[in-house]
file query.cif (mmCIF, C-alpha atoms and all ligand atoms)
data_data
loop_
_atom_site.label_atom_id
_atom_site.label_comp_id
_atom_site.auth_asym_id
_atom_site.auth_seq_id
_atom_site.Cartn_x
_atom_site.Cartn_y
_atom_site.Cartn_z
CA MET A 1 -14.79 -23.83 8.68
CA SER A 2 -12.03 -21.24 8.57
CA GLN A 3 -10.79 -22.36 11.99
CA SER A 4 -9.48 -25.66 10.67
CA LEU A 5 -7.64 -24.00 7.76
CA PRO A 6 -3.91 -23.48 7.83
CA SER A 7 -3.15 -19.93 8.96
CA LEU A 8 -1.31 -17.82 6.37
CA ARG A 9 0.52 -16.05 9.16
CA GLU A 10 1.82 -19.40 10.41
CA VAL A 11 2.61 -20.75 6.94
CA PHE A 12 4.94 -17.78 6.38
CA ALA A 13 6.05 -17.29 9.98
CA ASN A 14 9.72 -17.78 9.08
CA ASP A 15 9.51 -15.65 5.94
CA PHE A 16 7.57 -12.40 6.31
CA ARG A 17 4.59 -10.84 8.02
CA ILE A 18 1.22 -11.32 6.36
CA GLY A 19 -1.03 -8.26 6.41
CA ALA A 20 -4.32 -6.85 5.19
CA ALA A 21 -5.72 -3.39 4.57
CA VAL A 22 -8.85 -2.76 6.63
CA ASN A 23 -11.53 -0.17 7.26
CA PRO A 24 -14.03 0.21 10.12
CA VAL A 25 -16.53 -2.04 8.30
CA THR A 26 -14.15 -4.89 7.46
CA ILE A 27 -12.59 -5.11 10.92
CA GLU A 28 -16.07 -6.28 11.92
CA SER A 29 -17.28 -8.13 8.82
CA GLN A 30 -13.94 -9.92 8.20
CA LYS A 31 -12.88 -10.18 11.81
CA GLN A 32 -12.49 -13.97 11.90
CA LEU A 33 -10.40 -14.12 8.74
CA LEU A 34 -8.17 -11.30 9.97
CA ILE A 35 -7.64 -12.89 13.36
CA SER A 36 -6.86 -16.27 11.80
CA HIS A 37 -4.50 -15.20 9.04
CA VAL A 38 -2.71 -11.87 9.50
CA ASN A 39 -0.18 -10.37 11.86
CA SER A 40 -0.07 -6.91 10.28
CA LEU A 41 -2.76 -4.33 9.48
CA THR A 42 -2.85 -1.22 7.31
CA ALA A 43 -5.69 1.32 7.40
CA GLU A 44 -7.00 1.35 3.83
CA ASN A 45 -8.08 5.00 4.11
CA HIS A 46 -8.28 6.20 7.68
CA MET A 47 -4.71 7.39 8.19
CA LYS A 48 -4.75 9.48 5.00
CA PHE A 49 -4.55 13.27 5.28
CA GLU A 50 -8.23 13.92 4.53
CA HIS A 51 -9.31 11.52 7.26
CA LEU A 52 -6.95 12.79 9.95
CA GLN A 53 -7.04 16.54 9.27
CA LEU A 54 -9.96 17.49 7.01
CA GLU A 55 -9.90 21.01 8.44
CA GLU A 56 -6.75 22.82 9.48
CA GLY A 57 -5.77 22.02 13.05
CA ARG A 58 -8.81 19.80 13.77
CA PHE A 59 -7.45 16.26 13.97
CA THR A 60 -9.85 13.31 13.93
CA PHE A 61 -8.09 10.19 15.10
CA ASP A 62 -11.05 8.15 16.34
CA ILE A 63 -11.35 5.65 13.48
CA ALA A 64 -7.57 5.30 13.05
CA ASP A 65 -7.35 4.71 16.81
CA ARG A 66 -10.02 2.01 16.57
CA ILE A 67 -8.03 0.20 13.87
CA VAL A 68 -4.81 0.47 15.90
CA ASP A 69 -6.60 -0.81 19.02
CA PHE A 70 -8.03 -3.76 17.09
CA ALA A 71 -4.53 -4.62 15.82
CA ARG A 72 -2.99 -4.38 19.27
CA SER A 73 -5.64 -6.46 20.93
CA HIS A 74 -4.88 -9.22 18.42
CA HIS A 75 -1.08 -8.84 18.53
CA MET A 76 -0.84 -7.48 15.01
CA ALA A 77 1.73 -4.93 13.84
CA VAL A 78 0.49 -1.75 12.13
CA ARG A 79 1.87 -0.19 8.93
CA GLY A 80 1.09 3.53 8.66
CA HIS A 81 -0.34 4.67 5.30
CA THR A 82 0.25 7.44 4.26
CA LEU A 83 1.64 10.87 5.22
CA VAL A 84 2.28 12.78 1.97
CA TRP A 85 0.30 11.96 -1.18
CA HIS A 86 -1.30 13.88 -4.07
CA ASN A 87 -4.68 12.15 -3.53
CA GLN A 88 -7.09 12.21 -0.58
CA THR A 89 -5.51 15.42 0.69
CA PRO A 90 -7.86 18.35 1.34
CA ASP A 91 -7.60 21.52 -0.79
CA TRP A 92 -7.05 23.76 2.24
CA VAL A 93 -3.56 22.31 2.62
CA PHE A 94 -2.38 24.07 -0.54
CA GLN A 95 -4.50 27.23 -0.46
CA ASP A 96 -4.92 30.53 1.34
CA GLY A 97 -8.28 32.10 2.23
CA GLN A 98 -8.69 33.38 -1.35
CA GLY A 99 -8.04 29.98 -2.93
CA HIS A 100 -4.55 30.91 -4.15
CA PHE A 101 -1.51 28.68 -3.74
CA ILE A 102 0.37 29.36 -0.51
CA SER A 103 4.15 29.85 -0.30
CA ARG A 104 6.75 27.10 -0.05
CA ASP A 105 7.41 27.99 3.58
CA VAL A 106 3.77 27.85 4.61
CA LEU A 107 3.22 24.49 2.89
CA LEU A 108 6.38 23.06 4.47
CA GLU A 109 5.08 24.22 7.83
CA ARG A 110 1.68 22.55 7.24
CA MET A 111 3.33 19.35 6.03
CA LYS A 112 5.60 19.21 9.05
CA SER A 113 2.86 19.91 11.55
CA HIS A 114 0.71 17.14 10.04
CA ILE A 115 3.52 14.59 9.97
CA SER A 116 4.64 15.44 13.52
CA ALA A 117 1.14 15.20 15.00
CA VAL A 118 0.32 11.89 13.29
CA VAL A 119 3.66 10.13 13.73
CA ARG A 120 3.97 11.19 17.37
CA ARG A 121 0.45 10.02 18.18
CA TYR A 122 1.22 6.51 16.98
CA LYS A 123 4.82 6.32 18.15
CA GLY A 124 5.45 2.80 19.45
CA LYS A 125 2.19 1.58 17.89
CA VAL A 126 2.82 2.05 14.18
CA TYR A 127 6.18 0.49 13.38
CA CYS A 128 6.61 1.80 9.84
CA TRP A 129 5.22 4.56 7.66
CA ASP A 130 4.61 5.04 3.96
CA VAL A 131 6.00 8.57 4.28
CA VAL A 132 5.59 9.55 0.64
CA ASN A 133 3.20 7.78 -1.71
CA GLU A 134 3.35 7.81 -5.53
CA ALA A 135 5.65 10.82 -6.11
CA VAL A 136 7.12 9.39 -9.32
CA ALA A 137 5.51 10.15 -12.73
CA ASP A 138 3.87 7.28 -14.62
CA GLU A 139 4.33 8.14 -18.25
CA GLY A 140 6.95 9.62 -20.48
CA SER A 141 10.29 11.02 -19.56
CA GLU A 142 9.14 13.17 -16.66
CA TRP A 143 10.71 11.90 -13.42
CA LEU A 144 8.56 13.24 -10.58
CA ARG A 145 4.78 13.71 -10.71
CA SER A 146 3.77 17.35 -10.91
CA SER A 147 1.71 17.28 -7.71
CA LYS A 148 0.78 20.36 -5.69
CA TRP A 149 3.38 19.30 -3.12
CA ARG A 150 6.06 19.48 -5.80
CA GLN A 151 4.73 22.58 -7.55
CA ILE A 152 4.72 24.58 -4.33
CA ILE A 153 7.66 23.19 -2.33
CA GLY A 154 9.89 21.82 -5.08
CA ASP A 155 11.49 18.37 -5.48
CA ASP A 156 12.79 18.44 -1.91
CA PHE A 157 9.27 17.99 -0.43
CA ILE A 158 10.17 14.30 -0.42
CA GLU A 159 13.30 14.55 1.67
CA GLN A 160 11.69 17.11 3.98
CA ALA A 161 8.87 14.63 4.67
CA PHE A 162 11.31 11.85 5.56
CA LEU A 163 13.40 14.10 7.81
CA CYS A 164 10.32 15.24 9.66
CA ALA A 165 8.91 11.72 10.12
CA HIS A 166 12.27 10.54 11.43
CA GLU A 167 12.42 13.36 13.93
CA ALA A 168 8.90 12.56 15.16
CA ASP A 169 9.71 8.86 15.68
CA PRO A 170 13.37 7.88 15.27
CA ASP A 171 12.44 4.20 15.72
CA ALA A 172 9.90 4.02 12.90
CA LEU A 173 10.92 2.42 9.60
CA LEU A 174 10.29 4.86 6.78
CA PHE A 175 9.14 3.82 3.29
CA TYR A 176 8.67 5.22 -0.16
CA ASN A 177 5.60 3.48 -1.67
CA ASP A 178 4.46 3.28 -5.30
CA TYR A 179 2.49 1.31 -7.96
CA ASN A 180 3.50 0.06 -11.43
CA GLU A 181 6.71 -0.50 -9.51
CA CYS A 182 7.80 -3.46 -11.67
CA PHE A 183 7.48 -1.82 -15.09
CA PRO A 184 11.08 -1.12 -16.13
CA LYS A 185 10.73 2.59 -16.92
CA LYS A 186 8.96 3.48 -13.70
CA ARG A 187 11.13 1.07 -11.73
CA GLU A 188 14.21 3.02 -12.79
CA LYS A 189 12.60 6.33 -11.80
CA ILE A 190 11.77 4.93 -8.36
CA TYR A 191 15.26 3.48 -8.07
CA THR A 192 16.82 6.84 -8.94
CA LEU A 193 14.66 8.65 -6.40
CA VAL A 194 15.43 6.29 -3.54
CA LYS A 195 19.11 6.16 -4.46
CA SER A 196 19.34 9.94 -4.39
CA LEU A 197 17.72 10.01 -0.95
CA ARG A 198 20.06 7.31 0.36
CA ASP A 199 23.11 9.07 -1.11
CA LYS A 200 22.12 12.27 0.70
CA GLY A 201 21.80 10.42 3.98
CA ILE A 202 18.02 10.96 4.23
CA PRO A 203 16.45 8.47 6.68
CA ILE A 204 14.62 6.08 4.34
CA HIS A 205 14.64 2.40 5.21
CA GLY A 206 12.45 0.68 2.71
CA ILE A 207 10.54 0.60 -0.55
CA GLY A 208 6.87 -0.33 -0.61
CA MET A 209 5.94 -2.23 -3.75
CA GLN A 210 2.17 -1.81 -3.96
CA ALA A 211 1.72 -4.88 -6.19
CA HIS A 212 -1.66 -4.08 -7.76
CA TRP A 213 -1.19 -6.83 -10.32
CA SER A 214 -3.31 -8.81 -12.81
CA LEU A 215 -3.40 -12.42 -14.00
CA THR A 216 -0.59 -11.71 -16.48
CA ARG A 217 1.13 -8.42 -15.65
CA PRO A 218 3.74 -7.65 -14.58
CA SER A 219 5.61 -10.79 -15.67
CA LEU A 220 7.43 -12.87 -13.08
CA ASP A 221 10.70 -11.80 -14.66
CA GLU A 222 9.75 -8.15 -14.23
CA ILE A 223 8.81 -8.74 -10.60
CA ARG A 224 12.09 -10.50 -9.93
CA ALA A 225 14.10 -7.77 -11.67
CA ALA A 226 12.35 -5.07 -9.61
CA ILE A 227 12.97 -6.90 -6.32
CA GLU A 228 16.67 -7.28 -7.18
CA ARG A 229 17.05 -3.70 -8.35
CA TYR A 230 15.41 -2.21 -5.25
CA ALA A 231 17.19 -4.57 -2.88
CA SER A 232 20.53 -3.43 -4.35
CA LEU A 233 19.91 -0.10 -2.60
CA ASP A 234 20.32 -1.84 0.73
CA VAL A 235 16.74 -1.15 1.82
CA VAL A 236 14.09 -3.59 3.00
CA LEU A 237 11.09 -4.35 0.80
CA HIS A 238 7.46 -4.50 1.79
CA ILE A 239 4.76 -5.73 -0.55
CA THR A 240 2.21 -3.18 0.60
CA GLU A 241 -1.05 -3.49 -1.39
CA LEU A 242 -1.17 -6.88 -3.09
CA ASP A 243 -4.17 -7.88 -5.16
CA VAL A 244 -4.49 -9.89 -8.36
CA SER A 245 -7.19 -8.41 -10.56
CA MET A 246 -9.19 -10.75 -12.80
CA PHE A 247 -9.03 -8.05 -15.50
CA GLU A 248 -6.15 -6.45 -17.35
CA PHE A 249 -5.96 -2.73 -16.61
CA HIS A 250 -7.33 -1.65 -20.00
CA ASP A 251 -10.03 -4.36 -20.12
CA HIS A 252 -13.25 -2.58 -19.15
CA ARG A 253 -15.67 -5.49 -19.70
CA LYS A 254 -18.63 -5.38 -17.34
CA ASP A 255 -20.49 -8.55 -18.32
CA LEU A 256 -19.25 -10.98 -15.69
CA ALA A 257 -21.45 -11.80 -12.69
CA ALA A 258 -18.91 -14.29 -11.39
CA PRO A 259 -15.35 -15.25 -12.32
CA THR A 260 -15.07 -18.16 -14.77
CA ASN A 261 -13.46 -21.40 -13.57
CA GLU A 262 -10.59 -20.67 -15.91
CA MET A 263 -9.99 -17.29 -14.27
CA ILE A 264 -10.08 -18.85 -10.82
CA GLU A 265 -7.49 -21.43 -11.87
CA ARG A 266 -5.24 -18.87 -13.55
CA GLN A 267 -5.39 -16.71 -10.45
CA ALA A 268 -4.45 -19.69 -8.29
CA GLU A 269 -1.43 -20.44 -10.45
CA ARG A 270 -0.44 -16.79 -10.47
CA TYR A 271 -0.65 -16.52 -6.68
CA GLU A 272 1.42 -19.67 -6.30
CA GLN A 273 4.12 -18.25 -8.58
CA ILE A 274 4.09 -14.88 -6.82
CA PHE A 275 4.42 -16.33 -3.33
CA THR A 276 7.07 -18.79 -4.45
CA LEU A 277 9.06 -15.81 -5.69
CA PHE A 278 8.45 -13.81 -2.51
CA LYS A 279 9.70 -16.73 -0.49
CA GLU A 280 12.83 -16.91 -2.57
CA TYR A 281 13.50 -13.30 -1.54
CA ARG A 282 12.52 -13.73 2.11
CA ASP A 283 15.80 -12.11 3.18
CA VAL A 284 14.75 -8.74 1.74
CA ILE A 285 10.94 -8.95 1.79
CA GLU A 286 9.82 -8.43 5.37
CA SER A 287 6.09 -7.99 4.92
CA VAL A 288 3.38 -8.97 2.42
CA THR A 289 0.09 -7.07 2.79
CA PHE A 290 -3.05 -7.71 0.74
CA TRP A 291 -5.13 -4.61 -0.07
CA GLY A 292 -8.14 -6.28 1.53
CA MET A 293 -8.88 -9.79 2.75
CA ALA A 294 -11.78 -11.40 0.87
CA ASP A 295 -13.69 -10.83 -2.36
CA ASP A 296 -16.77 -9.33 -0.67
CA TYR A 297 -14.95 -5.98 -0.54
CA THR A 298 -12.19 -4.54 -2.72
CA TRP A 299 -11.34 -1.07 -4.03
CA LEU A 300 -11.15 -2.80 -7.45
CA ASP A 301 -14.99 -2.92 -7.46
CA TYR A 302 -14.71 0.85 -8.04
CA PHE A 303 -11.43 1.22 -9.94
CA PRO A 304 -10.64 1.49 -12.82
CA VAL A 305 -14.27 0.66 -13.71
CA GLN A 306 -16.85 2.03 -11.27
CA GLY A 307 -19.28 -0.64 -10.06
CA ARG A 308 -17.65 -3.65 -11.77
CA LYS A 309 -17.14 -6.57 -9.41
CA ASN A 310 -13.62 -8.00 -9.10
CA TRP A 311 -12.35 -11.01 -7.16
CA PRO A 312 -8.68 -10.36 -6.35
CA PHE A 313 -8.06 -12.24 -3.07
CA LEU A 314 -7.46 -15.70 -1.62
CA PHE A 315 -10.92 -15.82 0.02
CA ASP A 316 -14.25 -15.59 -1.81
CA GLU A 317 -17.30 -13.44 -1.10
CA GLN A 318 -18.46 -15.94 1.56
CA HIS A 319 -14.97 -15.91 3.14
CA GLU A 320 -14.30 -19.46 1.95
CA PRO A 321 -10.79 -20.28 0.75
CA LYS A 322 -10.37 -20.18 -3.04
CA SER A 323 -8.15 -22.43 -5.08
CA ALA A 324 -5.49 -19.69 -4.79
CA PHE A 325 -5.51 -20.02 -1.00
CA TRP A 326 -4.69 -23.72 -1.13
CA ARG A 327 -1.87 -23.16 -3.61
CA VAL A 328 -0.34 -20.45 -1.44
CA ALA A 329 -0.83 -22.36 1.80
CA SER A 330 0.97 -25.41 0.42
CA ILE A 331 4.11 -23.60 -0.77
C1 LIG B 1 -3.26 2.90 -4.20
N1 LIG B 1 -3.05 3.63 -5.42
C2 LIG B 1 -3.13 3.77 -2.95
O1 LIG B 1 -1.81 3.73 -2.44
C3 LIG B 1 -4.09 3.33 -1.84
O2 LIG B 1 -4.01 4.25 -0.78
C4 LIG B 1 -5.51 3.27 -2.34
O3 LIG B 1 -6.40 2.90 -1.28
C5 LIG B 1 -5.59 2.33 -3.47
C6 LIG B 1 -4.54 2.17 -4.31
C7 LIG B 1 -2.89 2.83 -6.59
C8 LIG B 1 -3.15 3.45 -7.91
C9 LIG B 1 -3.18 2.64 -9.02
O4 LIG B 1 -2.98 1.33 -8.90
C10 LIG B 1 -3.43 3.19 -10.30
C11 LIG B 1 -3.66 4.54 -10.45
C12 LIG B 1 -3.64 5.34 -9.35
C13 LIG B 1 -3.39 4.79 -8.08
#

call {"tool": "encode", "arguments": {"input": "query.cif", "output": "structure tokens", "more": "lines below"}}
Ligand code: HAH
result
Amino acid sequence: MSQSLPSLREVFANDFRIGAAVNPVTIESQKQLLISHVNSLTAENHMKFEHLQLEEGRFTFDIADRIVDFARSHHMAVRGHTLVWHNQTPDWVFQDGQGHFISRDVLLERMKSHISAVVRRYKGKVYCWDVVNEAVADEGSEWLRSSKWRQIIGDDFIEQAFLCAHEADPDALLFYNDYNECFPKKREKIYTLVKSLRDKGIPIHGIGMQAHWSLTRPSLDEIRAAIERYASLDVVLHITELDVSMFEFHDHRKDLAAPTNEMIERQAERYEQIFTLFKEYRDVIESVTFWGMADDYTWLDYFPVQGRKNWPFLFDEQHEPKSAFWRVASI
């Protein structure tokens, strides 16, 4: 079975790392696929703020440690995800005992103590961090998202986070990570943010393109334009959360028990085009991580439509290679 398949990690050995997001369930249930195909892991959830420090000062590293140990025992690199984000961060971080917003100085102190504790713990084990996730606004003319981090600290929460992560581990590669990263308006906002950080001499080494894509969007031209635009900042690029949804974002149909043959074929073609493009940019793209491994588990079963099955990967629900796998493996 999967043992006689080409290994994705080996197919792209001269191009970029191949990674997958995992959780404590999938490092068991998808163990064979992971061992055969990837040389990089990301914790899907278990390095996020709410998992590492749900209560102030009480750090819980056990599950993150287990994921790091699994990676190390199989010679896989680890990407750290994520230090500062508006989601999956407990309320206490922003509040005092009465539930009121704390001051800028107190929040900066809490941010720094979290980043220092986490980055130091995994120094030498986690080689890069998504330091700030999704700080740019999606819609309209607003540049930065009005998160609690920004409301309380101000726009410089971003540079403060990078400075602190760099101090905690000067060897770690530091990334800004975001989604809808290929749509021209948001792409320019992300570009402007990272350019301003670079111009100020803030230690930021890369841009994480999440790559939560569908069968048609973004277009290949948009993906290419985004890669070129970001690479012009003299940073490395990681594809951090790749999946190819069978549904367009605004398509909320719930009637499919299985993907149609046509969908499976379109997805295969799409994956072939995407990886062909990635390979063309192998000088700037250093890592390609899927946000999962096989169709038996994906966050897209819960988002944007709760409880609707999706099939976004190269392996099916039984861990068998899909048509998309063969297209990618033969590039
Ligand atoms: C990502 N947000 C997060 O970075 C990751 O940590 C999480 O597990 C899943 C997805 C993506 C996202 C999106 O595509 C659309 C709206 C909000 C967030």

call {"tool": "closest_atom_pairs", "arguments": {"input": "query.cif", "of": "chain A", "to": "ligand LIG 1 (chain B)", "cutoff": "8 Å", "atoms": "all atoms listed in the file", "output": "JSON lines"}}
result
{"residue": "A:Glu44", "atom": "CA", "partner": "B:LIG1", "partner_atom": "O3", "distance": 5.4}
{"residue": "A:Asn45", "atom": "CA", "partner": "B:LIG1", "partner_atom": "O3", "distance": 6.0}
{"residue": "A:Lys48", "atom": "CA", "partner": "B:LIG1", "partner_atom": "O2", "distance": 7.8}
{"residue": "A:His81", "atom": "CA", "partner": "B:LIG1", "partner_atom": "O2", "distance": 7.1}
{"residue": "A:Thr82", "atom": "CA", "partner": "B:LIG1", "partner_atom": "O2", "distance": 7.3}
{"residue": "A:Asn133", "atom": "CA", "partner": "B:LIG1", "partner_atom": "O1", "distance": 6.5}
{"residue": "A:Glu134", "atom": "CA", "partner": "B:LIG1", "partner_atom": "O1", "distance": 7.3}
{"residue": "A:Asn177", "atom": "CA", "partner": "B:LIG1", "partner_atom": "O1", "distance": 7.5}
{"residue": "A:Asp178", "atom": "CA", "partner": "B:LIG1", "partner_atom": "O1", "distance": 6.9}
{"residue": "A:Tyr179", "atom": "CA", "partner": "B:LIG1", "partner_atom": "O4", "distance": 5.6}
{"residue": "A:Asn180", "atom": "CA", "partner": "B:LIG1", "partner_atom": "O4", "distance": 7.1}
{"residue": "A:Gln210", "atom": "CA", "partner": "B:LIG1", "partner_atom": "O1", "distance": 7.0}
{"residue": "A:His212", "atom": "CA", "partner": "B:LIG1", "partner_atom": "O4", "distance": 5.7}
{"residue": "A:Glu241", "atom": "CA", "partner": "B:LIG1", "partner_atom": "C6", "distance": 7.3}
{"residue": "A:Trp291", "atom": "CA", "partner": "B:LIG1", "partner_atom": "O3", "distance": 7.7}
{"residue": "A:Trp299", "atom": "CA", "partner": "B:LIG1", "partner_atom": "C5", "distance": 6.7}
{"residue": "A:Pro304", "atom": "CA", "partner": "B:LIG1", "partner_atom": "C10", "distance": 7.8}

call {"tool": "residues_near_point", "arguments": {"input": "query.cif", "point": "(6.2, 2.8, 6.0)", "cutoff": "6 Å", "atoms": "all atoms listed in the file", "output": "PyMOL selection string"}}
result
chain A and resi 80+128-130+173-175

call {"tool": "residues_around", "arguments": {"input": "query.cif", "residues": "Lys148 (chain A)", "least_positions_apart": "2", "cutoff": "9 Å", "atoms": "all atoms listed in the file", "output": "PyMOL selection string"}}
result
chain A and resi 86+94+101+146+150-153

call {"tool": "atom_distance", "arguments": {"input": "query.cif", "atom1": "CA of Glu228 (chain A)", "atom2": "CA of Glu272 (chain A)"}}
result
19.7 Å

call {"tool": "closest_residue", "arguments": {"input": "query.cif", "among": "A:Ile202, A:Ala71, A:Val131, A:Val84", "to": "Lys31 (chain A)", "atoms": "all atoms listed in the file"}}
result
A:Ala71

call {"tool": "closest_residue", "arguments": {"input": "query.cif", "among": "A:Ala117, A:Ala20, A:Ile204, A:Leu5", "to": "Thr298 (chain A)", "atoms": "only C-alpha atoms"}}
result
A:Ala20

call {"tool": "closest_residue", "arguments": {"input": "query.cif", "among": "A:Ala135, A:Leu314, A:Ala161, A:Leu193", "to": "Asp243 (chain A)", "atoms": "only C-alpha atoms"}}
result
A:Leu314

call {"tool": "residues_around", "arguments": {"input": "query.cif", "residues": "Phe12 (chain A)", "least_positions_apart": "6", "cutoff": "12 Å", "atoms": "all atoms listed in the file", "output": "list in words"}}
result
Pro6, Ile18, Gly19, His37, Val38, Asn39, Phe275, Thr276, Phe278, Lys279, Glu280, Arg282, Ile285, Glu286, Ser287, Val288, Val328, Ala329, Ser330 and Ile331 of chain A

call {"tool": "closest_residue", "arguments": {"input": "query.cif", "among": "A:Leu144, A:Asn87, A:Leu33, A:Leu242", "to": "Asp156 (chain A)", "atoms": "all atoms listed in the file"}}
result
A:Leu144

call {"tool": "decode", "arguments": {"input": "query.cif", "residues": "region 256-268 of chain A", "atoms": "N, CA, C and O atoms", "output": "mmCIF file, in the first residue's frame"}}
result
data_model
loop_
_atom_site.group_PDB
_atom_site.id
_atom_site.type_symbol
_atom_site.label_atom_id
_atom_site.label_comp_id
_atom_site.auth_asym_id
_atom_site.auth_seq_id
_atom_site.Cartn_x
_atom_site.Cartn_y
_atom_site.Cartn_z
ATOM 1 N N LEU A 256 -23.791 16.941 -0.564
ATOM 2 C CA LEU A 256 -22.869 15.953 -1.139
ATOM 3 C C LEU A 256 -22.347 14.977 -0.080
ATOM 4 O O LEU A 256 -21.734 15.388 0.901
ATOM 5 N N ALA A 257 -22.556 13.679 -0.325
ATOM 6 C CA ALA A 257 -22.022 12.678 0.594
ATOM 7 C C ALA A 257 -20.609 12.278 0.192
ATOM 8 O O ALA A 257 -19.843 11.760 0.987
ATOM 9 N N ALA A 258 -20.289 12.530 -1.067
ATOM 10 C CA ALA A 258 -18.951 12.219 -1.576
ATOM 11 C C ALA A 258 -18.661 13.182 -2.718
ATOM 12 O O ALA A 258 -19.588 13.674 -3.360
ATOM 13 N N PRO A 259 -17.391 13.462 -2.986
ATOM 14 C CA PRO A 259 -17.084 14.360 -4.101
ATOM 15 C C PRO A 259 -17.442 13.678 -5.419
ATOM 16 O O PRO A 259 -17.328 12.454 -5.543
ATOM 17 N N THR A 260 -17.887 14.445 -6.410
ATOM 18 C CA THR A 260 -18.166 13.870 -7.729
ATOM 19 C C THR A 260 -16.837 13.567 -8.430
ATOM 20 O O THR A 260 -15.796 14.135 -8.073
ATOM 21 N N ASN A 261 -16.889 12.693 -9.433
ATOM 22 C CA ASN A 261 -15.666 12.394 -10.190
ATOM 23 C C ASN A 261 -15.105 13.647 -10.833
ATOM 24 O O ASN A 261 -13.901 13.824 -10.934
ATOM 25 N N GLU A 262 -16.007 14.523 -11.260
ATOM 26 C CA GLU A 262 -15.569 15.762 -11.891
ATOM 27 C C GLU A 262 -14.784 16.626 -10.899
ATOM 28 O O GLU A 262 -13.743 17.198 -11.235
ATOM 29 N N MET A 263 -15.292 16.708 -9.673
ATOM 30 C CA MET A 263 -14.573 17.477 -8.646
ATOM 31 C C MET A 263 -13.188 16.881 -8.387
ATOM 32 O O MET A 263 -12.198 17.608 -8.274
ATOM 33 N N ILE A 264 -13.136 15.563 -8.308
ATOM 34 C CA ILE A 264 -11.856 14.906 -8.022
ATOM 35 C C ILE A 264 -10.851 15.201 -9.133
ATOM 36 O O ILE A 264 -9.678 15.471 -8.878
ATOM 37 N N GLU A 265 -11.334 15.192 -10.372
ATOM 38 C CA GLU A 265 -10.445 15.489 -11.503
ATOM 39 C C GLU A 265 -10.004 16.950 -11.523
ATOM 40 O O GLU A 265 -8.848 17.270 -11.792
ATOM 41 N N ARG A 266 -10.962 17.844 -11.246
ATOM 42 C CA ARG A 266 -10.607 19.276 -11.222
ATOM 43 C C ARG A 266 -9.607 19.557 -10.114
ATOM 44 O O ARG A 266 -8.686 20.372 -10.269
ATOM 45 N N GLN A 267 -9.777 18.894 -9.002
ATOM 46 C CA GLN A 267 -8.841 19.093 -7.891
ATOM 47 C C GLN A 267 -7.446 18.578 -8.266
ATOM 48 O O GLN A 267 -6.436 19.204 -7.942
ATOM 49 N N ALA A 268 -7.410 17.469 -8.989
ATOM 50 C CA ALA A 268 -6.123 16.911 -9.407
ATOM 51 C C ALA A 268 -5.390 17.874 -10.337
ATOM 52 O O ALA A 268 -4.192 18.143 -10.181
#
